file coords.txt (compact mmCIF, C-alpha atoms and all ligand atoms)
# COMPACT_ATOMS: atom_id res chain seq x y z
CA MET S 1 -69.82 -73.85 -16.54
CA ARG S 2 -70.86 -77.49 -16.65
CA ILE S 3 -70.55 -79.93 -13.73
CA SER S 4 -71.02 -83.64 -14.25
CA PHE S 5 -72.09 -85.81 -11.31
CA CYS S 6 -71.14 -89.48 -11.53
CA CYS S 7 -71.37 -91.13 -8.12
CA THR S 8 -72.20 -94.82 -8.00
CA GLY S 9 -74.56 -95.78 -5.19
CA THR S 10 -75.27 -92.16 -4.19
CA LYS S 11 -78.67 -90.47 -4.20
CA ALA S 12 -78.00 -87.73 -6.76
CA GLN S 13 -80.85 -85.25 -6.24
CA PRO S 14 -79.67 -83.57 -3.01
CA TRP S 15 -76.15 -83.20 -4.41
CA LEU S 16 -77.48 -81.66 -7.62
CA GLU S 17 -79.66 -79.26 -5.62
CA GLY S 18 -76.71 -78.23 -3.43
CA LEU S 19 -74.40 -77.67 -6.39
CA ARG S 20 -77.09 -75.83 -8.41
CA ALA S 21 -77.82 -73.55 -5.44
CA ALA S 22 -74.13 -72.63 -5.28
CA PHE S 23 -73.77 -72.20 -9.06
CA PRO S 24 -77.16 -71.00 -10.35
CA HIS S 25 -75.78 -70.29 -13.83
CA ALA S 26 -74.08 -73.64 -14.23
CA GLU S 27 -75.45 -76.80 -15.84
CA VAL S 28 -75.23 -79.49 -13.16
CA ASN S 29 -76.38 -82.93 -14.26
CA VAL S 30 -76.02 -86.62 -13.60
CA TRP S 31 -73.62 -88.05 -16.19
CA SER S 32 -74.90 -90.47 -18.80
CA ALA S 33 -73.09 -91.93 -21.78
CA GLY S 34 -72.68 -89.33 -24.54
CA ALA S 35 -73.31 -86.34 -22.22
CA PRO S 36 -71.68 -83.05 -23.28
CA ALA S 37 -68.19 -82.26 -22.02
CA ALA S 38 -68.13 -80.85 -18.49
CA ASP S 39 -65.63 -78.53 -16.79
CA TYR S 40 -65.70 -80.28 -13.42
CA ALA S 41 -66.63 -83.76 -12.28
CA VAL S 42 -67.97 -84.85 -8.91
CA VAL S 43 -67.41 -88.59 -8.68
CA TRP S 44 -67.45 -91.75 -6.61
CA THR S 45 -66.27 -94.97 -8.29
CA PRO S 46 -67.09 -93.77 -11.83
CA PRO S 47 -66.78 -96.17 -14.76
CA GLN S 48 -63.84 -96.00 -17.17
CA GLN S 49 -66.28 -94.78 -19.85
CA PHE S 50 -66.84 -91.60 -17.84
CA ILE S 51 -63.11 -90.81 -17.85
CA ASP S 52 -62.77 -91.73 -21.53
CA GLU S 53 -65.69 -89.54 -22.63
CA GLN S 54 -65.12 -86.52 -20.39
CA THR S 55 -62.10 -85.05 -22.15
CA GLN S 56 -62.37 -81.39 -21.07
CA LEU S 57 -62.34 -81.73 -17.28
CA LYS S 58 -60.38 -79.12 -15.37
CA SER S 59 -60.60 -81.14 -12.18
CA ILE S 60 -62.16 -84.28 -10.71
CA PHE S 61 -63.61 -84.08 -7.19
CA ASN S 62 -63.85 -87.41 -5.35
CA ILE S 63 -66.62 -87.44 -2.72
CA GLY S 64 -64.60 -89.63 -0.37
CA ALA S 65 -61.15 -89.66 1.19
CA GLY S 66 -59.94 -92.84 -0.52
CA VAL S 67 -59.13 -92.64 -4.22
CA ASP S 68 -58.20 -96.28 -4.83
CA ALA S 69 -61.19 -96.85 -7.16
CA LEU S 70 -60.15 -93.86 -9.27
CA MET S 71 -56.51 -94.93 -9.28
CA ALA S 72 -57.60 -98.27 -10.75
CA LEU S 73 -58.87 -96.43 -13.88
CA ARG S 74 -56.86 -95.06 -16.82
CA LEU S 75 -57.01 -91.36 -15.91
CA ARG S 76 -56.30 -88.60 -18.39
CA PRO S 77 -52.83 -87.15 -17.76
CA GLY S 78 -52.84 -83.62 -16.41
CA VAL S 79 -56.36 -83.73 -14.92
CA PRO S 80 -56.06 -83.16 -11.17
CA VAL S 81 -57.94 -85.38 -8.74
CA VAL S 82 -59.05 -83.74 -5.50
CA ARG S 83 -60.19 -85.88 -2.58
CA LEU S 84 -62.32 -84.77 0.36
CA ASP S 85 -60.11 -83.05 2.87
CA ASP S 86 -61.63 -84.23 6.15
CA ALA S 87 -65.06 -82.62 5.58
CA GLY S 88 -66.27 -83.99 8.92
CA MET S 89 -64.73 -87.45 8.52
CA SER S 90 -61.86 -87.32 10.98
CA VAL S 91 -64.05 -86.78 14.05
CA GLN S 92 -66.27 -89.69 12.99
CA MET S 93 -63.22 -91.88 12.53
CA ALA S 94 -61.88 -90.87 15.94
CA GLU S 95 -65.25 -91.80 17.50
CA TYR S 96 -65.35 -95.17 15.75
CA VAL S 97 -61.79 -96.22 16.54
CA CYS S 98 -61.85 -94.99 20.15
CA HIS S 99 -65.14 -96.85 20.60
CA ALA S 100 -63.68 -100.07 19.18
CA VAL S 101 -60.48 -99.82 21.23
CA ILE S 102 -62.32 -99.01 24.45
CA ARG S 103 -64.99 -101.67 23.85
CA HIS S 104 -62.23 -104.25 23.52
CA PHE S 105 -60.05 -102.93 26.37
CA ARG S 106 -62.95 -102.61 28.83
CA GLU S 107 -64.59 -105.87 27.64
CA PHE S 108 -67.92 -104.15 27.11
CA GLY S 109 -68.96 -106.91 24.69
CA GLY S 110 -68.57 -109.41 27.51
CA TYR S 111 -70.56 -107.20 29.89
CA GLU S 112 -73.35 -106.86 27.31
CA ALA S 113 -73.47 -110.64 26.92
CA ASP S 114 -73.57 -111.10 30.72
CA THR S 115 -76.26 -108.53 31.43
CA ALA S 116 -78.37 -109.85 28.56
CA GLN S 117 -78.55 -113.04 30.65
CA GLY S 118 -79.30 -111.12 33.86
CA LYS S 119 -75.74 -111.68 35.21
CA TRP S 120 -74.18 -109.07 37.53
CA SER S 121 -70.49 -109.97 37.29
CA TYR S 122 -67.12 -108.22 37.17
CA ARG S 123 -64.07 -108.63 34.98
CA LYS S 124 -60.56 -107.84 36.16
CA PRO S 125 -59.48 -104.36 34.95
CA HIS S 126 -56.58 -104.32 32.46
CA GLN S 127 -53.53 -102.09 32.52
CA ARG S 128 -53.57 -99.47 29.75
CA ALA S 129 -49.79 -99.85 29.47
CA ASP S 130 -50.39 -103.42 28.28
CA PHE S 131 -52.57 -102.22 25.38
CA PRO S 132 -50.41 -100.07 23.11
CA VAL S 133 -52.36 -99.03 20.01
CA GLY S 134 -50.56 -98.80 16.66
CA VAL S 135 -52.11 -96.62 13.96
CA MET S 136 -50.95 -97.36 10.40
CA GLY S 137 -51.32 -94.19 8.35
CA LEU S 138 -50.89 -90.78 9.99
CA GLY S 139 -52.71 -88.67 7.42
CA ILE S 140 -55.86 -86.62 7.91
CA LEU S 141 -57.70 -89.47 9.62
CA GLY S 142 -54.84 -91.37 11.27
CA GLU S 143 -53.41 -88.31 12.95
CA ARG S 144 -56.77 -87.32 14.42
CA VAL S 145 -57.37 -90.89 15.60
CA SER S 146 -53.90 -91.09 17.20
CA ARG S 147 -54.41 -87.85 19.08
CA ALA S 148 -57.84 -88.98 20.27
CA LEU S 149 -56.49 -92.30 21.54
CA ALA S 150 -53.69 -90.50 23.38
CA GLN S 151 -56.36 -88.50 25.24
CA PHE S 152 -57.46 -91.77 26.85
CA ASP S 153 -53.87 -92.40 28.01
CA PHE S 154 -53.32 -95.43 25.78
CA PRO S 155 -49.71 -95.76 24.65
CA VAL S 156 -50.03 -94.79 20.97
CA ARG S 157 -47.68 -95.71 18.12
CA GLY S 158 -47.99 -94.40 14.59
CA TRP S 159 -46.53 -95.47 11.25
CA SER S 160 -46.35 -93.49 8.03
CA ARG S 161 -44.28 -93.24 4.89
CA SER S 162 -42.52 -90.02 5.86
CA ALA S 163 -41.30 -89.26 9.39
CA LYS S 164 -43.77 -87.41 11.66
CA SER S 165 -43.82 -85.87 15.09
CA ILE S 166 -47.17 -85.96 16.92
CA PRO S 167 -47.42 -85.16 20.64
CA GLY S 168 -48.24 -88.29 22.67
CA VAL S 169 -47.54 -90.62 19.73
CA GLN S 170 -44.39 -92.67 19.22
CA CYS S 171 -43.87 -92.35 15.48
CA PHE S 172 -42.21 -94.86 13.16
CA SER S 173 -41.77 -94.50 9.42
CA GLY S 174 -40.95 -96.34 6.24
CA GLN S 175 -40.17 -100.01 5.70
CA ALA S 176 -37.23 -99.67 8.08
CA GLY S 177 -39.57 -98.80 10.95
CA PHE S 178 -42.39 -101.23 10.17
CA ASN S 179 -41.35 -104.30 12.20
CA ASP S 180 -40.47 -102.20 15.25
CA PHE S 181 -43.85 -100.44 14.95
CA LEU S 182 -45.69 -103.79 14.86
CA ALA S 183 -43.69 -105.21 17.77
CA ALA S 184 -44.54 -102.10 19.81
CA SER S 185 -48.29 -102.49 19.14
CA ARG S 186 -50.98 -104.76 20.54
CA ILE S 187 -54.04 -103.19 18.94
CA LEU S 188 -53.51 -102.40 15.25
CA VAL S 189 -55.61 -99.77 13.45
CA CYS S 190 -55.38 -99.56 9.66
CA LEU S 191 -55.86 -96.08 8.19
CA LEU S 192 -53.67 -96.43 5.13
CA PRO S 193 -54.73 -95.64 1.58
CA LEU S 194 -55.02 -98.73 -0.61
CA THR S 195 -52.05 -98.71 -3.00
CA PRO S 196 -49.84 -101.44 -4.49
CA ASP S 197 -47.51 -100.94 -1.48
CA THR S 198 -50.22 -101.38 1.15
CA GLU S 199 -52.44 -104.10 -0.37
CA ASN S 200 -52.44 -107.23 1.86
CA ILE S 201 -50.30 -105.40 4.42
CA MET S 202 -52.17 -107.18 7.23
CA ARG S 203 -51.25 -110.80 6.55
CA HIS S 204 -49.92 -113.73 8.56
CA ASP S 205 -46.27 -112.63 8.90
CA THR S 206 -47.09 -109.00 9.75
CA LEU S 207 -50.00 -109.69 12.12
CA ALA S 208 -47.89 -112.35 13.88
CA ARG S 209 -45.49 -109.56 14.90
CA LEU S 210 -48.15 -107.86 17.01
CA GLN S 211 -47.91 -108.43 20.74
CA PRO S 212 -49.75 -111.54 22.00
CA GLY S 213 -53.46 -110.90 22.48
CA GLY S 214 -53.36 -108.51 19.51
CA TYR S 215 -56.50 -106.94 18.09
CA VAL S 216 -57.14 -105.61 14.58
CA ILE S 217 -59.30 -102.63 13.63
CA ASN S 218 -59.59 -102.18 9.87
CA VAL S 219 -61.27 -98.96 8.82
CA ALA S 220 -59.37 -98.37 5.58
CA ARG S 221 -60.01 -100.90 2.79
CA GLY S 222 -60.83 -104.61 2.78
CA SER S 223 -57.88 -105.43 0.53
CA HIS S 224 -55.43 -104.32 3.22
CA LEU S 225 -56.30 -107.51 5.11
CA VAL S 226 -55.87 -111.18 4.20
CA ASP S 227 -59.10 -112.55 5.66
CA ASP S 228 -57.98 -116.16 6.16
CA ASP S 229 -54.73 -115.10 7.86
CA LEU S 230 -56.67 -112.97 10.34
CA MET S 231 -59.00 -115.84 11.20
CA ALA S 232 -56.12 -118.33 11.51
CA LEU S 233 -54.31 -116.04 13.97
CA ILE S 234 -57.49 -115.49 15.99
CA ASP S 235 -58.23 -119.19 16.04
CA SER S 236 -54.62 -119.98 17.12
CA GLY S 237 -55.04 -117.56 20.05
CA HIS S 238 -52.32 -115.08 18.97
CA LEU S 239 -54.95 -112.47 18.17
CA ALA S 240 -57.90 -111.76 20.47
CA GLY S 241 -60.25 -110.55 17.72
CA ALA S 242 -61.05 -107.79 15.28
CA THR S 243 -63.42 -104.97 14.47
CA LEU S 244 -63.85 -104.66 10.71
CA ASP S 245 -65.64 -101.89 8.84
CA VAL S 246 -64.36 -102.59 5.31
CA PHE S 247 -64.23 -105.75 3.22
CA ARG S 248 -62.85 -107.09 -0.05
CA THR S 249 -66.40 -107.45 -1.31
CA GLU S 250 -69.04 -104.98 -0.10
CA PRO S 251 -71.70 -105.63 1.01
CA LEU S 252 -69.97 -108.48 2.86
CA PRO S 253 -71.39 -111.66 1.25
CA ALA S 254 -73.95 -113.49 3.41
CA ALA S 255 -71.84 -116.66 3.56
CA HIS S 256 -68.63 -114.91 4.67
CA PRO S 257 -67.34 -116.36 7.99
CA PHE S 258 -66.71 -112.87 9.42
CA TRP S 259 -70.47 -112.47 9.94
CA THR S 260 -70.67 -115.24 12.51
CA HIS S 261 -67.15 -115.35 13.98
CA PRO S 262 -67.59 -114.82 17.74
CA LYS S 263 -64.44 -112.67 18.01
CA ILE S 264 -65.08 -110.47 14.99
CA THR S 265 -67.30 -107.39 15.02
CA VAL S 266 -68.59 -106.29 11.61
CA THR S 267 -69.94 -102.86 10.65
CA PRO S 268 -71.14 -101.90 7.14
CA HIS S 269 -68.45 -99.44 5.96
CA THR S 270 -69.79 -96.71 8.16
CA SER S 271 -66.87 -95.56 10.31
CA ALA S 272 -66.54 -92.17 8.55
CA ARG S 273 -69.39 -91.25 6.25
CA THR S 274 -69.31 -88.60 3.56
CA LEU S 275 -71.32 -85.72 5.01
CA ARG S 276 -73.15 -84.17 2.09
CA GLU S 277 -73.43 -80.55 3.20
CA GLU S 278 -69.81 -80.29 4.38
CA SER S 279 -68.61 -82.01 1.22
CA ILE S 280 -70.61 -79.81 -1.15
CA ALA S 281 -69.37 -76.69 0.67
CA GLN S 282 -65.78 -77.89 0.32
CA ILE S 283 -66.08 -78.75 -3.38
CA VAL S 284 -67.90 -75.50 -4.15
CA GLY S 285 -65.14 -73.51 -2.41
CA LYS S 286 -62.49 -75.27 -4.49
CA ILE S 287 -64.34 -74.79 -7.79
CA ARG S 288 -64.71 -71.09 -6.97
CA ALA S 289 -60.98 -70.85 -6.24
CA LEU S 290 -60.14 -72.49 -9.56
CA GLU S 291 -62.59 -70.24 -11.41
CA ARG S 292 -60.87 -67.21 -9.82
CA GLY S 293 -57.68 -68.47 -11.40
CA GLU S 294 -56.03 -69.91 -8.31
CA ALA S 295 -53.59 -72.74 -8.93
CA VAL S 296 -54.72 -76.33 -8.34
CA ALA S 297 -51.61 -76.85 -6.25
CA SER S 298 -52.93 -74.29 -3.76
CA LEU S 299 -55.96 -76.49 -2.95
CA GLU S 300 -56.02 -78.92 -0.02
CA GLY S 301 -56.60 -82.56 -0.90
CA VAL S 302 -54.95 -82.73 -4.33
CA VAL S 303 -53.97 -86.36 -4.91
CA ASP S 304 -50.39 -87.18 -5.80
CA LEU S 305 -51.04 -89.44 -8.77
CA ASN S 306 -47.56 -90.96 -8.52
CA LYS S 307 -48.02 -91.98 -4.88
CA GLY S 308 -51.65 -93.00 -5.51
CA TYR S 309 -53.12 -91.13 -2.53
P1 LIG S 401 -54.19 -89.55 3.88
O1 LIG S 401 -54.39 -88.22 4.50
O2 LIG S 401 -53.79 -89.62 2.44
O3 LIG S 401 -53.10 -90.32 4.77
C1 LIG S 401 -52.53 -91.51 4.40
C2 LIG S 401 -51.45 -91.89 5.38
O4 LIG S 401 -50.94 -93.18 5.03
C3 LIG S 401 -50.25 -90.93 5.37
O5 LIG S 401 -49.77 -90.73 6.66
C4 LIG S 401 -49.21 -91.69 4.53
O6 LIG S 401 -47.87 -91.39 4.84
C5 LIG S 401 -49.52 -93.11 4.94
N1 LIG S 401 -49.02 -94.06 3.93
C6 LIG S 401 -49.38 -94.17 2.64
N2 LIG S 401 -48.69 -95.15 2.03
C7 LIG S 401 -47.87 -95.66 2.97
C8 LIG S 401 -46.89 -96.67 2.96
N3 LIG S 401 -46.61 -97.38 1.84
N4 LIG S 401 -46.22 -96.93 4.10
C9 LIG S 401 -46.48 -96.22 5.22
N5 LIG S 401 -47.39 -95.24 5.30
C10 LIG S 401 -48.07 -94.96 4.18
O7 LIG S 401 -55.51 -90.44 4.00
P2 LIG S 401 -56.72 -90.28 5.03
O8 LIG S 401 -57.60 -89.18 4.66
O9 LIG S 401 -56.16 -90.28 6.40
O10 LIG S 401 -57.52 -91.64 4.74
C11 LIG S 401 -56.90 -92.91 4.85
C12 LIG S 401 -57.78 -93.98 4.22
O11 LIG S 401 -58.93 -94.21 5.04
C13 LIG S 401 -58.40 -93.63 2.87
O12 LIG S 401 -57.48 -93.82 1.82
C14 LIG S 401 -59.58 -94.57 2.79
O13 LIG S 401 -59.18 -95.78 2.19
C15 LIG S 401 -59.91 -94.85 4.26
N6 LIG S 401 -61.24 -94.31 4.63
C16 LIG S 401 -62.18 -95.16 5.10
C17 LIG S 401 -63.41 -94.68 5.49
C18 LIG S 401 -64.46 -95.58 6.06
O14 LIG S 401 -65.60 -95.15 6.26
N7 LIG S 401 -64.14 -96.81 6.38
C19 LIG S 401 -63.69 -93.31 5.39
C20 LIG S 401 -62.70 -92.47 4.90
C21 LIG S 401 -61.47 -92.98 4.52
P3 LIG S 401 -47.27 -89.92 4.53
O15 LIG S 401 -47.97 -89.00 5.51
O16 LIG S 401 -45.84 -90.06 4.84
O17 LIG S 401 -47.60 -89.62 3.11
C1 LIG S 402 -64.72 -93.94 2.38
O1 LIG S 402 -64.41 -95.08 2.47
C2 LIG S 402 -63.86 -92.92 1.87
O2 LIG S 402 -62.81 -93.25 1.31
O3 LIG S 402 -64.22 -91.75 2.00
call {"tool": "encode", "arguments": {"input": "coords.txt", "output": "structure tokens"}}
result
Amino acid sequence: MRISFCCTGTKAQPWLEGLRAAFPHAEVNVWSAGAPAADYAVVWTPPQQFIDEQTQLKSIFNIGAGVDALMALRLRPGVPVVRLDDAGMSVQMAEYVCHAVIRHFREFGGYEADTAQGKWSYRKPHQRADFPVGVMGLGILGERVSRALAQFDFPVRGWSRSAKSIPGVQCFSGQAGFNDFLAASRILVCLLPLTPDTENIMRHDTLARLQPGGYVINVARGSHLVDDDLMALIDSGHLAGATLDVFRTEPLPAAHPFWTHPKITVTPHTSARTLREESIAQIVGKIRALERGEAVASLEGVVDLNKGY
């Protein structure tokens, strides 16, 4: 068996060691142009040349949850794409989003600024009922985040393509439910995959539907958000601010106004990291299942190439 590793921006050696330890008889190598045909690929944002040259792949394993970079390539028909299925990401995402929501709701940023100046001062507590949180995307990450927020007694709304039922979450679905979902939300969390349907979904007319004093938390992809529209709505006072983990260009360019905007908190695409050991274990388990002859459809995390996620 041959496994080809083609992960842009990823330190390859520990991945190769992990995969070789699991498959001592396999050839596991970093892909380079002209490399021999592999049976399986482990990828993150591979180039088109990789897809064009690797014509014998039985399956492509993406070492992240989002497959938008792969979907932008011309993939070979019939080759399944398997994304990470949680692999330790959902708890990280729940931590990040709960932290951002609570930091905003409790005004911890303001307290940090005060105490940095030696000021002992109080802010008036807010009512949780006035801070409904809307989570766009109720998949592996969004569902976990919604449940975690509900544990803190925030009113939680969720929006997905198909109808869902999640305890403690008021669920909306489809285009028909979108405006009602936005109107029922003050804090908006984006956990959608990036597809043609969801690109630019956070723009002036949609963000304007959030309740006054709205707040945006984008942890999905930068292209879900129209940057200038967000800043205009913050500057007009309709939105109170934003916490942003993902950007149209990453790293966020030094001159981008998000860096210095007083009401925008920036983190470097770190809300839910790929955890190497968990991810290798998951991919190894799936390759073993396929090698035993189990059907691809029986695996968790197989991407629906028509839906694009
Ligand atoms: P997922 O399990 O595929 O869930 C996607 C959710 O979005 C589903 O609930 C789906 O609805 C919904 N959805 C998709 N298209 C929609 C549409 N047009 N209208 C309404 N709802 C729609 O994905 P996930 O694992 O939760 O991950 C979500 C995204 O998070 C990833 O694609 C990635 O971009 C991002 N991410 C970011 C980080 C980070 O560190 N910042 C880390 C990991 C992932 P249905 O359930 O009805 O299909
Ligand atoms: C990270 O952004 C991922 O999609 O896993």
call {"tool": "residues_near_ligand", "arguments": {"input": "coords.txt", "ligand": "ligand LIG 402 (chain S)", "cutoff": "6 Å", "atoms": "all atoms listed in the file", "output": "NGL selection string"}}
result
:S and (64-66)
call {"tool": "axis_aligned_box", "arguments": {"input": "coords.txt", "around": "range 13-17 of chain S", "padding_each_side": "3 Å", "output": "lines of an AutoDock Vina configuration file"}}
result
center_x = -78.5
center_y = -82.3
center_z = -5.3
size_x = 10.7
size_y = 12.0
size_z = 10.6
call {"tool": "residues_around", "arguments": {"input": "coords.txt", "residues": "range 289-292 of chain S", "least_positions_apart": "4", "cutoff": "10 Å", "atoms": "all atoms listed in the file", "output": "PyMOL selection string"}}
result
chain S and resi 1+58-59+283-285+296+298-299
call {"tool": "atom_distance", "arguments": {"input": "coords.txt", "atom1": "CA of Arg76 in chain S", "atom2": "CA of Phe5 in chain S"}}
result
17.5 Å
call {"tool": "residues_near_ligand", "arguments": {"input": "coords.txt", "ligand": "ligand LIG 401 (chain S)", "cutoff": "8 Å", "atoms": "all atoms listed in the file", "output": "VMD selection string"}}
result
chain S and resid 64 to 68 84 to 86 89 to 90 93 136 to 143 159 to 164 173 to 175 190 to 195 197 to 198 218 to 221 245 to 246 269 to 274 307 309
call {"tool": "residues_around", "arguments": {"input": "coords.txt", "residues": "Thr55 in chain S", "least_positions_apart": "3", "cutoff": "10 Å", "atoms": "all atoms listed in the file", "output": "VMD selection string"}}
result
chain S and resid 36 to 39 50 to 52 58 76 79
call {"tool": "residues_around", "arguments": {"input": "coords.txt", "residues": "Arg106 in chain S", "least_positions_apart": "5", "cutoff": "12 Å", "atoms": "only C-alpha atoms", "output": "PDB file with C-alpha atoms, keeping the file's coordinate frame"}}
result
ATOM      1  CA  CYS S  98     -61.850 -94.990  20.150  1.00  0.00           C
ATOM      2  CA  HIS S  99     -65.140 -96.850  20.600  1.00  0.00           C
ATOM      3  CA  ALA S 100     -63.680-100.070  19.180  1.00  0.00           C
ATOM      4  CA  VAL S 101     -60.480 -99.820  21.230  1.00  0.00           C
ATOM      5  CA  TYR S 111     -70.560-107.200  29.890  1.00  0.00           C
ATOM      6  CA  GLU S 112     -73.350-106.860  27.310  1.00  0.00           C
ATOM      7  CA  TYR S 122     -67.120-108.220  37.170  1.00  0.00           C
ATOM      8  CA  ARG S 123     -64.070-108.630  34.980  1.00  0.00           C
ATOM      9  CA  LYS S 124     -60.560-107.840  36.160  1.00  0.00           C
ATOM     10  CA  PRO S 125     -59.480-104.360  34.950  1.00  0.00           C
ATOM     11  CA  HIS S 126     -56.580-104.320  32.460  1.00  0.00           C
ATOM     12  CA  GLN S 127     -53.530-102.090  32.520  1.00  0.00           C
ATOM     13  CA  ARG S 128     -53.570 -99.470  29.750  1.00  0.00           C
ATOM     14  CA  PHE S 131     -52.570-102.220  25.380  1.00  0.00           C
TER      15      PHE S 131
END
call {"tool": "residues_around", "arguments": {"input": "coords.txt", "residues": "Asp180 in chain S", "least_positions_apart": "6", "cutoff": "12 Å", "atoms": "all atoms listed in the file", "output": "number ranges by chain"}}
result
S: 134, 157-159, 170-174, 206, 209-211
call {"tool": "residues_near_point", "arguments": {"input": "coords.txt", "point": "(-65.8, -85.8, -3.8)", "cutoff": "6 Å", "atoms": "all atoms listed in the file", "output": "JSON, numbers by chain"}}
result
{"S": [42, 43, 61, 62, 63, 64, 83, 84]}
call {"tool": "closest_residue", "arguments": {"input": "coords.txt", "among": "S:Leu207, S:Gly308, S:Val82, S:Val97", "to": "Lys286 in chain S", "atoms": "only C-alpha atoms"}}
result
S:Val82
call {"tool": "closest_residue", "arguments": {"input": "coords.txt", "among": "S:Pro155, S:Gly301, S:Pro24, S:Gly177", "to": "Arg2 in chain S", "atoms": "all atoms listed in the file"}}
result
S:Pro24
call {"tool": "atom_distance", "arguments": {"input": "coords.txt", "atom1": "CA of Trp44 in chain S", "atom2": "CA of Ala69 in chain S"}}
result
8.1 Å
call {"tool": "atom_distance", "arguments": {"input": "coords.txt", "atom1": "CA of Lys11 in chain S", "atom2": "CA of Pro251 in chain S"}}
result
17.5 Å
call {"tool": "closest_residue", "arguments": {"input": "coords.txt", "among": "S:Ala184, S:Val133, S:Ala242, S:Val81", "to": "Leu57 in chain S", "atoms": "all atoms listed in the file"}}
result
S:Val81
